[in-house]
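Printed here is coords-v9.txt (compact mmCIF, C-alpha atoms and all ligand atoms):
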# COMPACT_ATOMS: atom_id res chain seq x y z
CA MET A 712 -20.11 -4.06 40.04
CA LEU A 713 -16.79 -5.82 39.89
CA ASN A 714 -14.17 -6.26 42.55
CA GLN A 715 -10.73 -4.90 41.84
CA GLN A 716 -9.33 -8.31 40.94
CA ASP A 717 -11.98 -9.09 38.31
CA ASN A 718 -11.80 -5.56 36.95
CA GLU A 719 -8.06 -5.92 36.38
CA LEU A 720 -8.58 -9.36 34.87
CA MET A 721 -11.11 -7.94 32.38
CA CYS A 722 -9.32 -4.71 31.49
CA ARG A 723 -5.60 -5.44 31.33
CA THR A 724 -4.45 -6.78 27.97
CA GLY A 725 -0.67 -6.40 28.01
CA ALA A 726 1.70 -9.30 27.32
CA GLY A 727 1.38 -12.00 29.98
CA THR A 728 -2.11 -11.02 31.18
CA PRO A 729 -5.03 -13.48 30.85
CA MET A 730 -7.22 -11.06 28.84
CA GLY A 731 -4.20 -10.17 26.73
CA ALA A 732 -3.68 -13.87 26.01
CA ALA A 733 -7.37 -14.23 25.08
CA MET A 734 -7.30 -11.21 22.77
CA ARG A 735 -4.15 -12.42 21.04
CA ARG A 736 -6.02 -15.57 19.95
CA PHE A 737 -8.32 -13.52 17.67
CA TRP A 738 -7.66 -11.71 14.42
CA LEU A 739 -7.68 -8.03 15.39
CA PRO A 740 -7.66 -4.83 13.32
CA VAL A 741 -4.37 -3.05 14.03
CA ALA A 742 -4.58 -0.13 11.57
CA GLN A 743 -6.67 1.30 8.78
CA LEU A 744 -5.24 0.47 5.36
CA ALA A 745 -5.48 4.17 4.52
CA ASP A 746 -3.02 4.89 7.35
CA LEU A 747 -0.37 2.40 6.19
CA PRO A 748 2.72 3.55 4.31
CA GLU A 749 2.79 3.46 0.49
CA PRO A 750 4.56 0.43 -1.06
CA GLY A 751 8.23 0.77 -0.18
CA GLY A 752 7.52 3.82 2.04
CA GLU A 753 8.82 4.59 5.50
CA PRO A 754 7.91 2.11 8.26
CA LYS A 755 5.19 3.18 10.68
CA ALA A 756 5.13 2.61 14.44
CA LEU A 757 2.01 1.12 16.05
CA GLU A 758 1.06 0.14 19.58
CA VAL A 759 -1.44 -2.67 20.15
CA LEU A 760 -2.24 -4.45 23.44
CA GLY A 761 0.60 -2.56 25.11
CA GLU A 762 3.20 -3.85 22.64
CA LYS A 763 5.04 -1.90 19.98
CA PHE A 764 5.03 -2.94 16.33
CA ILE A 765 6.19 -1.64 12.98
CA ALA A 766 3.86 -1.75 9.98
CA TRP A 767 5.27 -1.58 6.48
CA ARG A 768 4.56 -2.37 2.83
CA ASP A 769 7.32 -3.73 0.65
CA ASP A 770 7.86 -2.57 -2.93
CA LYS A 771 5.33 -5.14 -4.16
CA GLY A 772 2.73 -3.67 -1.80
CA ARG A 773 2.70 -6.67 0.55
CA PRO A 774 1.93 -5.57 4.13
CA GLY A 775 4.04 -6.69 7.05
CA LEU A 776 3.87 -6.31 10.81
CA TYR A 777 7.18 -6.52 12.64
CA ALA A 778 7.83 -6.69 16.39
CA GLU A 779 9.50 -3.43 17.31
CA HIS A 780 12.85 -4.88 18.29
CA CYS A 781 15.26 -6.32 15.75
CA LEU A 782 15.87 -10.04 16.07
CA HIS A 783 19.61 -9.50 16.38
CA ARG A 784 20.18 -7.18 19.32
CA GLY A 785 16.97 -5.28 19.66
CA ALA A 786 17.45 -1.92 17.95
CA SER A 787 14.07 -0.52 16.98
CA MET A 788 12.81 -1.46 13.54
CA GLN A 789 11.13 1.96 13.54
CA LEU A 790 14.61 3.19 12.62
CA ALA A 791 14.97 0.63 9.83
CA ARG A 792 15.60 1.53 6.21
CA ALA A 793 12.94 0.65 3.64
CA GLU A 794 14.87 -1.25 0.97
CA GLY A 795 12.60 -2.72 -1.68
CA ASP A 796 11.91 -6.29 -0.62
CA GLY A 797 12.65 -5.82 3.08
CA LEU A 798 13.38 -3.59 6.06
CA ARG A 799 17.06 -3.22 6.97
CA CYS A 800 17.97 -2.62 10.61
CA ILE A 801 20.37 0.32 10.73
CA TYR A 802 22.51 -1.16 13.53
CA HIS A 803 24.21 -4.11 11.76
CA GLY A 804 22.20 -4.24 8.57
CA TRP A 805 20.17 -7.41 9.02
CA LYS A 806 17.34 -7.27 6.50
CA PHE A 807 13.91 -8.85 6.93
CA ALA A 808 11.10 -9.52 4.44
CA VAL A 809 7.49 -8.87 5.45
CA ASP A 810 6.94 -12.59 6.09
CA GLY A 811 9.91 -12.82 8.45
CA GLN A 812 12.38 -14.29 5.98
CA VAL A 813 15.90 -13.08 6.78
CA LEU A 814 17.30 -11.72 3.52
CA GLU A 815 20.76 -10.54 4.62
CA THR A 816 23.01 -10.62 7.70
CA PRO A 817 26.04 -8.66 6.43
CA ASN A 818 28.06 -8.93 9.65
CA VAL A 819 27.96 -12.77 9.60
CA ALA A 820 30.35 -14.48 7.17
CA ASP A 821 28.40 -17.78 7.03
CA PRO A 822 25.94 -17.40 4.11
CA LYS A 823 23.79 -20.24 5.52
CA PHE A 824 23.25 -18.48 8.86
CA LYS A 825 20.31 -16.42 7.66
CA GLU A 826 18.48 -19.54 6.53
CA ARG A 827 18.44 -20.93 10.04
CA ILE A 828 16.69 -17.95 11.64
CA ARG A 829 13.42 -16.12 11.20
CA GLY A 830 12.53 -12.45 11.74
CA ARG A 831 9.88 -11.39 14.24
CA THR A 832 6.83 -10.79 12.06
CA TYR A 833 3.15 -11.63 12.48
CA PRO A 834 0.48 -12.99 10.12
CA VAL A 835 -1.52 -10.13 8.59
CA ARG A 836 -4.47 -9.79 6.20
CA GLU A 837 -6.07 -6.86 4.42
CA ALA A 838 -9.87 -6.77 4.48
CA GLY A 839 -12.67 -4.23 4.81
CA GLY A 840 -10.30 -1.26 4.76
CA LEU A 841 -8.39 -2.63 7.75
CA LEU A 842 -5.08 -4.34 8.39
CA TRP A 843 -5.77 -7.41 10.53
CA ALA A 844 -3.12 -9.21 12.53
CA TYR A 845 -2.85 -12.37 14.54
CA LEU A 846 -0.61 -11.69 17.55
CA GLY A 847 -0.99 -15.02 19.36
CA PRO A 848 1.06 -18.22 19.60
CA LYS A 849 2.46 -19.32 16.27
CA GLY A 850 0.33 -21.62 14.14
CA GLN A 851 -2.81 -21.32 16.28
CA GLU A 852 -4.65 -18.60 14.41
CA PRO A 853 -8.40 -19.15 14.02
CA ALA A 854 -10.20 -19.01 10.67
CA PHE A 855 -10.12 -15.50 9.27
CA PRO A 856 -13.46 -13.81 10.11
CA LYS A 857 -15.97 -13.03 7.37
CA TRP A 858 -17.70 -9.81 8.33
CA PRO A 859 -20.39 -8.53 5.95
CA PHE A 860 -18.54 -5.26 5.18
CA MET A 861 -15.53 -7.18 3.88
CA GLU A 862 -17.39 -7.87 0.64
CA GLN A 863 -17.78 -4.17 -0.10
CA ASP A 864 -15.33 -2.16 -2.17
CA ASP A 865 -14.00 1.18 -0.95
CA ALA A 866 -16.77 3.16 -2.66
CA HIS A 867 -19.43 1.32 -0.66
CA ARG A 868 -17.71 1.49 2.70
CA ILE A 869 -16.61 4.17 5.17
CA ASN A 870 -13.75 3.50 7.55
CA ALA A 871 -12.97 5.80 10.45
CA VAL A 872 -10.97 5.51 13.64
CA ALA A 873 -11.01 7.60 16.81
CA VAL A 874 -8.46 7.35 19.61
CA ALA A 875 -9.96 7.31 23.11
CA ASN A 876 -7.69 7.89 26.10
CA CYS A 877 -9.26 5.23 28.30
CA ASN A 878 -9.45 1.47 28.70
CA TYR A 879 -11.19 -0.37 25.84
CA VAL A 880 -14.00 -1.77 28.02
CA GLN A 881 -15.30 1.74 28.73
CA VAL A 882 -15.82 2.36 25.02
CA VAL A 883 -17.48 -1.03 24.48
CA GLU A 884 -19.83 -0.28 27.40
CA GLY A 885 -21.12 2.77 25.54
CA LEU A 886 -21.91 0.59 22.52
CA VAL A 887 -24.21 -1.75 24.46
CA ASP A 888 -26.00 0.96 26.39
CA SER A 889 -29.08 2.14 24.55
CA SER A 890 -30.45 4.19 27.44
CA HIS A 891 -27.76 6.87 27.21
CA LEU A 892 -28.74 7.79 23.66
CA THR A 893 -31.80 9.81 24.54
CA VAL A 894 -29.94 11.74 27.23
CA LEU A 895 -26.31 12.20 26.25
CA HIS A 896 -27.09 12.57 22.54
CA ALA A 897 -30.35 14.53 22.97
CA SER A 898 -29.16 17.53 20.97
CA GLY A 899 -27.63 15.37 18.25
CA LEU A 900 -30.77 13.25 17.93
CA ALA A 901 -32.91 16.40 17.72
CA LYS A 902 -30.77 17.43 14.76
CA THR A 903 -31.59 14.17 12.96
CA ASN A 904 -35.09 15.43 12.18
CA GLY A 905 -35.34 15.79 8.44
CA VAL A 906 -31.65 15.07 7.80
CA ASP A 907 -31.18 13.03 4.65
CA LEU A 908 -28.54 10.66 6.01
CA ASP A 909 -29.34 6.99 6.59
CA PHE A 910 -27.77 7.19 10.05
CA ALA A 911 -30.04 10.09 11.02
CA LYS A 912 -33.17 8.37 9.71
CA LYS A 913 -32.43 5.21 11.68
CA THR A 914 -31.85 6.96 15.00
CA THR A 915 -34.34 9.83 15.02
CA HIS A 916 -37.14 7.83 16.72
CA MET A 917 -34.96 7.28 19.80
CA GLN A 918 -35.30 10.84 21.02
CA PHE A 919 -38.76 10.14 22.40
CA ASP A 920 -38.16 7.41 25.01
CA ALA A 921 -35.44 7.53 27.65
CA SER A 922 -36.15 4.22 29.38
CA PRO A 923 -36.41 1.44 26.80
CA ALA A 924 -37.13 -2.13 27.94
CA ILE A 925 -33.83 -3.97 27.79
CA GLU A 926 -33.01 -7.68 27.54
CA ALA A 927 -29.91 -9.69 26.67
CA ASP A 928 -29.22 -13.28 25.60
CA GLU A 929 -25.91 -15.07 25.64
CA THR A 930 -24.98 -16.44 22.21
CA ASP A 931 -22.14 -18.49 20.77
CA PHE A 932 -20.30 -15.31 19.72
CA GLY A 933 -20.95 -13.23 22.86
CA PHE A 934 -24.43 -11.84 23.44
CA HIS A 935 -27.17 -9.95 21.76
CA TYR A 936 -28.95 -7.15 23.37
CA VAL A 937 -32.28 -5.53 22.64
CA ALA A 938 -33.74 -2.14 23.53
CA MET A 939 -37.48 -1.85 22.90
CA ARG A 940 -39.40 1.41 22.71
CA PRO A 941 -43.16 1.86 22.12
CA SER A 942 -43.97 2.43 18.46
CA GLY A 943 -47.49 2.57 17.03
CA VAL A 944 -49.45 -0.39 18.40
CA GLY A 945 -46.29 -2.41 19.04
CA ARG A 946 -42.65 -1.76 19.79
CA MET A 947 -39.51 -0.80 17.94
CA ALA A 948 -36.80 -3.32 18.81
CA ARG A 949 -33.17 -2.41 18.30
CA ILE A 950 -30.82 -5.40 18.56
CA ALA A 951 -27.04 -5.08 18.89
CA SER A 952 -24.58 -7.97 18.87
CA PHE A 953 -21.47 -8.01 21.02
CA ILE A 954 -18.92 -10.35 19.52
CA ALA A 955 -16.05 -11.29 21.81
CA PRO A 956 -13.57 -9.98 22.51
CA CYS A 957 -14.10 -6.39 21.25
CA PHE A 958 -16.56 -6.15 18.33
CA VAL A 959 -20.09 -4.73 18.17
CA ALA A 960 -22.63 -4.84 15.34
CA ASN A 961 -24.85 -1.76 15.74
CA PRO A 962 -28.65 -2.15 15.49
CA ASN A 963 -28.66 0.11 12.43
CA GLY A 964 -27.48 -2.99 10.55
CA ASP A 965 -24.89 -1.15 8.47
CA LEU A 966 -22.44 -0.13 11.17
CA TRP A 967 -19.75 -2.22 12.87
CA PHE A 968 -17.23 -1.35 15.56
CA ALA A 969 -13.99 -2.76 16.86
CA VAL A 970 -12.47 -1.38 20.05
CA VAL A 971 -8.85 -2.49 20.11
CA PRO A 972 -6.64 -1.71 23.09
CA VAL A 973 -3.58 0.38 22.28
CA ASN A 974 -2.56 -0.14 25.89
CA ASP A 975 -4.55 -0.42 29.12
CA GLU A 976 -5.39 3.29 29.13
CA ARG A 977 -5.97 3.99 25.44
CA CYS A 978 -7.86 2.30 22.61
CA ASN A 979 -8.49 2.61 18.91
CA PHE A 980 -12.19 2.82 18.18
CA TYR A 981 -12.72 1.58 14.60
CA HIS A 982 -15.97 2.29 12.76
CA VAL A 983 -17.09 0.72 9.50
CA TRP A 984 -20.28 1.65 7.62
CA TRP A 985 -21.26 -0.18 4.48
CA ASN A 986 -24.01 0.04 1.88
CA PRO A 987 -24.10 -2.25 -1.19
CA GLU A 988 -26.52 0.08 -2.98
CA LYS A 989 -25.11 3.50 -2.28
CA ALA A 990 -21.59 4.84 -2.86
CA ILE A 991 -21.28 6.10 0.72
CA GLY A 992 -17.49 5.86 0.61
CA VAL A 993 -17.30 8.62 -2.00
CA GLU A 994 -17.71 12.38 -1.45
CA PRO A 995 -19.92 14.11 -0.57
CA LEU A 996 -21.64 11.24 1.30
CA ARG A 997 -18.50 10.11 3.10
CA GLY A 998 -17.64 13.55 4.43
CA GLN A 999 -21.23 14.29 5.41
CA GLN A 1000 -21.52 11.08 7.41
CA LEU A 1001 -18.22 11.57 9.24
CA ALA A 1002 -18.93 15.21 10.06
CA PHE A 1003 -22.42 14.36 11.32
CA VAL A 1004 -21.09 11.98 13.98
CA GLY A 1005 -17.89 13.92 14.77
CA LEU A 1006 -15.44 11.54 13.09
CA ASP A 1007 -14.11 14.06 10.58
CA GLU A 1008 -10.41 14.81 10.97
CA PRO A 1009 -10.70 18.44 12.19
CA THR A 1010 -13.21 17.58 14.93
CA LEU A 1011 -11.23 14.55 16.09
CA ALA A 1012 -8.02 16.60 16.18
CA LYS A 1013 -9.74 19.42 18.11
CA TYR A 1014 -10.40 16.94 20.96
CA GLY A 1015 -7.08 15.06 20.70
CA MET A 1016 -8.73 11.95 19.27
CA THR A 1017 -6.27 11.15 16.47
CA ALA A 1018 -2.98 9.25 16.69
CA ALA A 1019 -1.15 12.53 16.08
CA THR A 1020 -3.03 14.53 18.73
CA CYS A 1021 -3.90 12.05 21.51
CA ASP A 1022 -0.81 13.01 23.55
CA SER A 1023 -1.14 16.73 22.85
CA GLU A 1024 -2.72 19.61 24.76
CA ALA A 1025 -5.83 19.11 22.66
CA ALA A 1026 -6.66 15.79 24.36
CA MET A 1027 -9.68 15.83 26.68
CA ASP A 1028 -8.67 15.61 30.31
CA TRP A 1029 -9.59 16.71 33.82
CA ARG A 1030 -7.54 19.91 33.65
CA ASN A 1031 -9.22 21.23 30.52
CA GLY A 1032 -12.72 20.15 31.55
CA TYR A 1033 -12.61 17.46 28.84
CA ARG A 1034 -12.92 20.32 26.34
CA GLN A 1035 -16.59 20.84 27.11
CA ASP A 1036 -17.92 24.11 25.67
CA ARG A 1037 -20.06 25.63 28.43
CA ALA A 1038 -21.02 28.60 26.24
CA GLN A 1039 -22.48 26.23 23.67
CA GLN A 1040 -24.33 24.49 26.48
CA ARG A 1041 -25.72 27.76 27.88
CA ALA A 1042 -26.90 28.54 24.36
CA GLY A 1043 -29.12 25.46 24.47
CA HIS A 1044 -26.99 22.46 23.54
CA PHE A 1045 -27.49 19.65 26.08
CA THR A 1046 -23.83 18.72 26.56
CA GLY A 1047 -21.63 21.36 24.94
CA PHE A 1048 -19.75 18.88 22.74
CA ASP A 1049 -19.50 18.94 18.97
CA SER A 1050 -21.10 15.58 18.21
CA PHE A 1051 -21.91 11.99 19.20
CA THR A 1052 -18.30 10.81 19.12
CA GLN A 1053 -17.07 13.54 21.46
CA GLU A 1054 -20.00 13.10 23.85
CA ASP A 1055 -19.32 9.38 24.13
CA ALA A 1056 -15.58 9.94 24.52
CA ALA A 1057 -16.05 12.59 27.22
CA CYS A 1058 -18.11 10.16 29.31
CA SER A 1059 -15.77 7.20 28.75
CA VAL A 1060 -12.55 9.14 29.32
CA SER A 1061 -13.81 11.15 32.30
CA SER A 1062 -14.75 7.99 34.22
CA GLY A 1063 -11.02 7.28 34.61
CA ALA A 1064 -8.21 5.93 32.47
CA LEU A 1065 -9.14 2.47 33.77
CA ARG A 1066 -12.48 2.80 35.49
CA ASP A 1067 -12.98 1.53 39.05
CA ARG A 1068 -16.02 -0.75 38.91
CA SER A 1069 -16.09 -1.56 42.62
CA GLN A 1070 -18.11 1.59 43.31
CA GLU A 1071 -20.68 1.62 40.49
CA MET A 1072 -24.42 1.20 40.94
CA LEU A 1073 -25.84 -0.77 38.04
CA SER A 1074 -29.60 -0.69 37.37
CA THR A 1075 -32.08 -2.52 35.18
CA ALA A 1076 -30.95 -0.25 32.33
CA ASP A 1077 -27.51 -1.88 32.55
CA ILE A 1078 -28.31 -5.52 31.82
CA ALA A 1079 -26.01 -5.53 28.83
CA ILE A 1080 -23.19 -4.01 30.88
CA SER A 1081 -23.16 -6.89 33.34
CA ARG A 1082 -23.53 -9.30 30.42
CA LEU A 1083 -20.48 -7.68 28.84
CA TYR A 1084 -18.43 -8.16 32.02
CA ARG A 1085 -19.39 -11.83 32.13
CA SER A 1086 -18.57 -12.38 28.50
CA LEU A 1087 -15.13 -10.74 28.78
CA LEU A 1088 -14.32 -12.42 32.08
CA ALA A 1089 -15.21 -15.80 30.56
CA CYS A 1090 -12.60 -15.16 27.84
CA ALA A 1091 -9.95 -14.05 30.34
CA ARG A 1092 -10.56 -16.96 32.72
CA ALA A 1093 -10.50 -19.48 29.87
CA ALA A 1094 -7.14 -18.15 28.71
CA ARG A 1095 -5.80 -18.12 32.27
CA ASP A 1096 -6.95 -21.71 32.93
CA GLY A 1097 -5.84 -23.11 29.58
CA GLN A 1098 -9.43 -23.76 28.44
CA ALA A 1099 -10.97 -23.14 25.00
CA ILE A 1100 -11.71 -19.42 24.55
CA PRO A 1101 -15.47 -18.84 24.17
CA ALA A 1102 -16.44 -17.34 20.80
CA LEU A 1103 -13.11 -18.16 19.20
CA ASP A 1104 -14.70 -20.62 16.79
CA ALA A 1105 -18.05 -18.84 16.40
CA GLU A 1106 -19.17 -17.94 12.90
CA VAL A 1107 -18.98 -14.22 13.43
CA GLY A 1108 -20.43 -13.34 10.04
CA ARG A 1109 -23.83 -14.35 11.41
CA ALA A 1110 -23.63 -11.84 14.21
CA VAL A 1111 -25.55 -8.85 12.94
CA GLY A 1112 -27.23 -5.78 14.34
CA THR A 1113 -30.78 -5.15 13.28
CA PHE A 1114 -33.99 -3.31 14.12
CA GLY A 1115 -37.66 -3.68 13.38
CA GLU A 1116 -41.23 -3.18 14.54
CA ILE A 1117 -42.69 -6.05 16.52
CA GLY A 1118 -46.27 -6.62 17.63
CA PRO A 1119 -47.28 -6.20 21.30
CA ASP A 1120 -46.89 -9.94 22.00
CA GLN A 1121 -44.16 -10.74 19.50
CA ASP A 1122 -40.80 -11.99 20.77
CA TRP A 1123 -37.93 -9.81 19.57
CA ARG A 1124 -35.91 -12.99 18.93
CA THR A 1125 -38.01 -13.54 15.81
CA LEU A 1126 -35.94 -10.70 14.29
CA VAL A 1127 -32.73 -12.72 14.75
CA PRO A 1128 -33.79 -16.34 14.20
CA HIS A 1129 -30.28 -17.34 13.12
CA HIS A 1130 -28.74 -16.48 16.48
CA LYS A 1131 -27.69 -19.44 18.54
CA ILE A 1132 -28.78 -18.74 22.09
CA VAL A 1133 -26.55 -20.33 24.71
CA SER A 1134 -28.41 -19.32 27.86
CA GLY A 1135 -31.82 -17.93 28.66
CA PRO A 1136 -32.92 -14.31 28.85
CA ALA A 1137 -31.20 -12.07 31.37
CA ARG A 1138 -34.23 -9.95 32.12
CA GLN A 1139 -33.90 -9.87 35.89
CA GLN A 1140 -30.19 -10.26 36.11
CA VAL A 1141 -28.44 -6.99 36.78
CA ASN A 1142 -25.16 -8.22 38.15
S1 LIG A 1201 20.36 -4.97 16.13
FE1 LIG A 1201 19.49 -5.09 14.20
S2 LIG A 1201 21.06 -5.81 12.94
FE2 LIG A 1201 21.94 -5.76 14.89
FE FE A 1202 -23.22 7.19 22.48
Now, as a test, write the supplied structure out as structure tokens.
Amino acid sequence: MLNQQDNELMCRTGAGTPMGAAMRRFWLPVAQLADLPEPGGEPKALEVLGEKFIAWRDDKGRPGLYAEHCLHRGASMQLARAEGDGLRCIYHGWKFAVDGQVLETPNVADPKFKERIRGRTYPVREAGGLLWAYLGPKGQEPAFPKWPFMEQDDAHRINAVAVANCNYVQVVEGLVDSSHLTVLHASGLAKTNGVDLDFAKKTTHMQFDASPAIEADETDFGFHYVAMRPSGVGRMARIASFIAPCFVANPNGDLWFAVVPVNDERCNFYHVWWNPEKAIGVEPLRGQQLAFVGLDEPTLAKYGMTAATCDSEAAMDWRNGYRQDRAQQRAGHFTGFDSFTQEDAACSVSSGALRDRSQEMLSTADIAISRLYRSLLACARAARDGQAIPALDAEVGRAVGTFGEIGPDQDWRTLVPHHKIVSGPARQQVN
């Protein structure tokens, strides 16, 4: 449970908010590389943390992220002309390179003028199929993160993004909540039996135990979280890592998420799978994986979960019953949604655009939820009070998800010996 004040502190990420200031100190994914324009193509509008940006590639293929409003007198750079080595504002023709260099100011006679000013652009990097940006104060960007999937080429990696019409925290909650799997995804898990997809094989055992034992430890990067279910003579332990401010390494070990606020009531939910041995990024494996979890384009569009459809009639909302298919449910499906992604989204979105946490009733199944609140609030408070942001300097590449069988008396932490534990176990702590 959180009072209204803490809830707002945790959830609001617009310019000038404490959590927004914290988030802007990290490198964040702002788009999939596949969704960026071609070199020299038309500029593309993006919204991140409640601010508008323009993404573009110049004729050499270099990516750039521009603030929406032109440096001169604020016309939108979404209107700008793509002209080889820069974007030209259509109002007075000022032209800006992707690194902010001002190339031309045709309405100013002084040729030196342009050398004294700098366009509004942000540092960007391309890695792991994503465009990353640093949106914080100039010159204070942290080391660029080294996530394991960044070493994989496109053939060995799958990128996918879903748009969820709710606050980012609600989506992250679903990622550190093992006990919903057996219930919400019961029909999907039942379908994993015998399916020859790695994802299916790694999750099929979960259909047999709805109340796993759950523990969480605070770490230098955020926290790790274990769900343990009986297995043979011992237990199957599934360990997820939450990495502040919005990343999760799934226990499957080959799946990573970023949940990046578009604004306070919408987020981009990035997924990355990787496999050094198998060409999962190539058809048919890529398409099979995406369809299995409901991240294929037609299914996302059907529920209004793409950038092009999230404001359309297709989007899940109260008036259309969140697009639940009651006929499918009557025919035996537990929820009446097409797949995992839609089931998760329906629960996150239907709890409110920005969920009220003053009325919730957390239980022992929700240890990681309260740990998540504490982790996020620590970031927001640190930014508000001018303190060092927790996790900003953590070596995030060490934060992995994993699973394994442990003996009856074996500590699950032996599966993640490299994790630096900051505080003790949170077994009893619910809130
Ligand atoms: S507003 Fe862009 S050049 Fe004047
Ligand atoms: Fe889920």
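Residues of protein, DNA or RNA lying at most 6 Å from ligand LIG 1201 (chain A), when only C-alpha atoms and all ligand atoms are considered, are Cys781, His783, Arg784, Gly785, Ala786, Cys800, Tyr802, His803, Gly804 and Trp805 of chain A.
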Could you pull out the residues sitting within 6 Å of ligand FE 1202 (chain A), using all atoms listed in the file, and write them as an mmCIF file with C-alpha atoms, in the coordinates of the input?
data_model
loop_
_atom_site.group_PDB
_atom_site.id
_atom_site.type_symbol
_atom_site.label_atom_id
_atom_site.label_comp_id
_atom_site.auth_asym_id
_atom_site.auth_seq_id
_atom_site.Cartn_x
_atom_site.Cartn_y
_atom_site.Cartn_z
ATOM 1 C CA GLY A 885 -21.120 2.770 25.540
ATOM 2 C CA LEU A 892 -28.740 7.790 23.660
ATOM 3 C CA PHE A 1051 -21.910 11.990 19.200
ATOM 4 C CA ASP A 1055 -19.320 9.380 24.130
#
Residues of stretch 812-918 of chain A within 10 Å of stretch 993-997 of chain A: nearest atom pair and distance (Å, one decimal) for each, counting only C-alpha atoms, sorted by chain and number, as a Markdown table?
| residue | atom | partner | partner_atom | distance |
| --- | --- | --- | --- | --- |
| A:Asp865 | CA | A:Val993 | CA | 8.2 |
| A:Ala866 | CA | A:Val993 | CA | 5.5 |
| A:His867 | CA | A:Val993 | CA | 7.7 |
| A:Arg868 | CA | A:Val993 | CA | 8.5 |
| A:Ile869 | CA | A:Arg997 | CA | 6.6 |
| A:Asn870 | CA | A:Arg997 | CA | 9.3 |
| A:Leu908 | CA | A:Leu996 | CA | 8.4 |
*Would you mind telling me which residue in A:Val1111, A:Met1027, A:Val959, A:Ala1102 lies nearest to A:Tyr981 when using all atoms listed in the file?*
A:Val959
Return as a tab-separated table the residues of stretch 943-1052 of chain A lying at most 12 Å from stretch 1068-1082 of chain A, together with the closest atom-to-atom pair for each and the distance in Å to one decimal, counting all atoms listed in the file, with rows in chain order and ascending residue number.
residue	atom	partner	partner_atom	distance
A:Ile950	CA	A:Ala1079	CA	11.3
A:Ala951	CA	A:Ala1079	CA	10.0
A:Ser952	CA	A:Ala1079	CA	10.4
A:Phe953	CA	A:Ala1079	CA	9.4
A:Ile954	CA	A:Arg1082	CA	11.9
A:Ala955	CA	A:Arg1082	CA	11.6
What does the file look like for those residues with C-alpha atoms, as a short mmCIF file (atom, residue, chain, number, x, y, z; two decimals), keeping the file's coordinate frame?
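Output contents, as saved in selection09.cif:
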data_model
loop_
_atom_site.label_atom_id
_atom_site.label_comp_id
_atom_site.auth_asym_id
_atom_site.auth_seq_id
_atom_site.Cartn_x
_atom_site.Cartn_y
_atom_site.Cartn_z
CA ILE A 950 -30.82 -5.40 18.56
CA ALA A 951 -27.04 -5.08 18.89
CA SER A 952 -24.58 -7.97 18.87
CA PHE A 953 -21.47 -8.01 21.02
CA ILE A 954 -18.92 -10.35 19.52
CA ALA A 955 -16.05 -11.29 21.81
#
Could you complete stretch 901-912 of chain A so that it carries N, CA and C atoms, and give it back as a PDB file, in the coordinates of the input?
ATOM      1  N   ALA A 901     -31.952  15.374  18.160  1.00  0.00           N
ATOM      2  CA  ALA A 901     -32.910  16.400  17.720  1.00  0.00           C
ATOM      3  C   ALA A 901     -32.540  16.906  16.334  1.00  0.00           C
ATOM      4  N   LYS A 902     -31.232  16.934  16.067  1.00  0.00           N
ATOM      5  CA  LYS A 902     -30.770  17.430  14.760  1.00  0.00           C
ATOM      6  C   LYS A 902     -31.010  16.425  13.637  1.00  0.00           C
ATOM      7  N   THR A 903     -31.364  15.170  14.009  1.00  0.00           N
ATOM      8  CA  THR A 903     -31.590  14.170  12.960  1.00  0.00           C
ATOM      9  C   THR A 903     -32.899  14.400  12.228  1.00  0.00           C
ATOM     10  N   ASN A 904     -33.798  15.203  12.825  1.00  0.00           N
ATOM     11  CA  ASN A 904     -35.090  15.430  12.180  1.00  0.00           C
ATOM     12  C   ASN A 904     -34.896  16.008  10.775  1.00  0.00           C
ATOM     13  N   GLY A 905     -35.375  15.268   9.806  1.00  0.00           N
ATOM     14  CA  GLY A 905     -35.340  15.790   8.440  1.00  0.00           C
ATOM     15  C   GLY A 905     -33.980  15.700   7.758  1.00  0.00           C
ATOM     16  N   VAL A 906     -32.962  15.165   8.448  1.00  0.00           N
ATOM     17  CA  VAL A 906     -31.650  15.070   7.800  1.00  0.00           C
ATOM     18  C   VAL A 906     -31.632  13.859   6.861  1.00  0.00           C
ATOM     19  N   ASP A 907     -31.113  14.084   5.665  1.00  0.00           N
ATOM     20  CA  ASP A 907     -31.180  13.030   4.650  1.00  0.00           C
ATOM     21  C   ASP A 907     -29.951  12.102   4.691  1.00  0.00           C
ATOM     22  N   LEU A 908     -29.633  11.628   5.882  1.00  0.00           N
ATOM     23  CA  LEU A 908     -28.540  10.660   6.010  1.00  0.00           C
ATOM     24  C   LEU A 908     -29.160   9.395   6.585  1.00  0.00           C
ATOM     25  N   ASP A 909     -28.737   8.228   6.103  1.00  0.00           N
ATOM     26  CA  ASP A 909     -29.340   6.990   6.590  1.00  0.00           C
ATOM     27  C   ASP A 909     -29.205   6.873   8.104  1.00  0.00           C
ATOM     28  N   PHE A 910     -28.023   7.277   8.610  1.00  0.00           N
ATOM     29  CA  PHE A 910     -27.770   7.190  10.050  1.00  0.00           C
ATOM     30  C   PHE A 910     -28.808   8.007  10.827  1.00  0.00           C
ATOM     31  N   ALA A 911     -29.086   9.211  10.339  1.00  0.00           N
ATOM     32  CA  ALA A 911     -30.040  10.090  11.020  1.00  0.00           C
ATOM     33  C   ALA A 911     -31.442   9.483  10.995  1.00  0.00           C
ATOM     34  N   LYS A 912     -31.817   8.932   9.840  1.00  0.00           N
ATOM     35  CA  LYS A 912     -33.170   8.370   9.710  1.00  0.00           C
ATOM     36  C   LYS A 912     -33.372   7.180  10.658  1.00  0.00           C
TER      37      LYS A 912
END
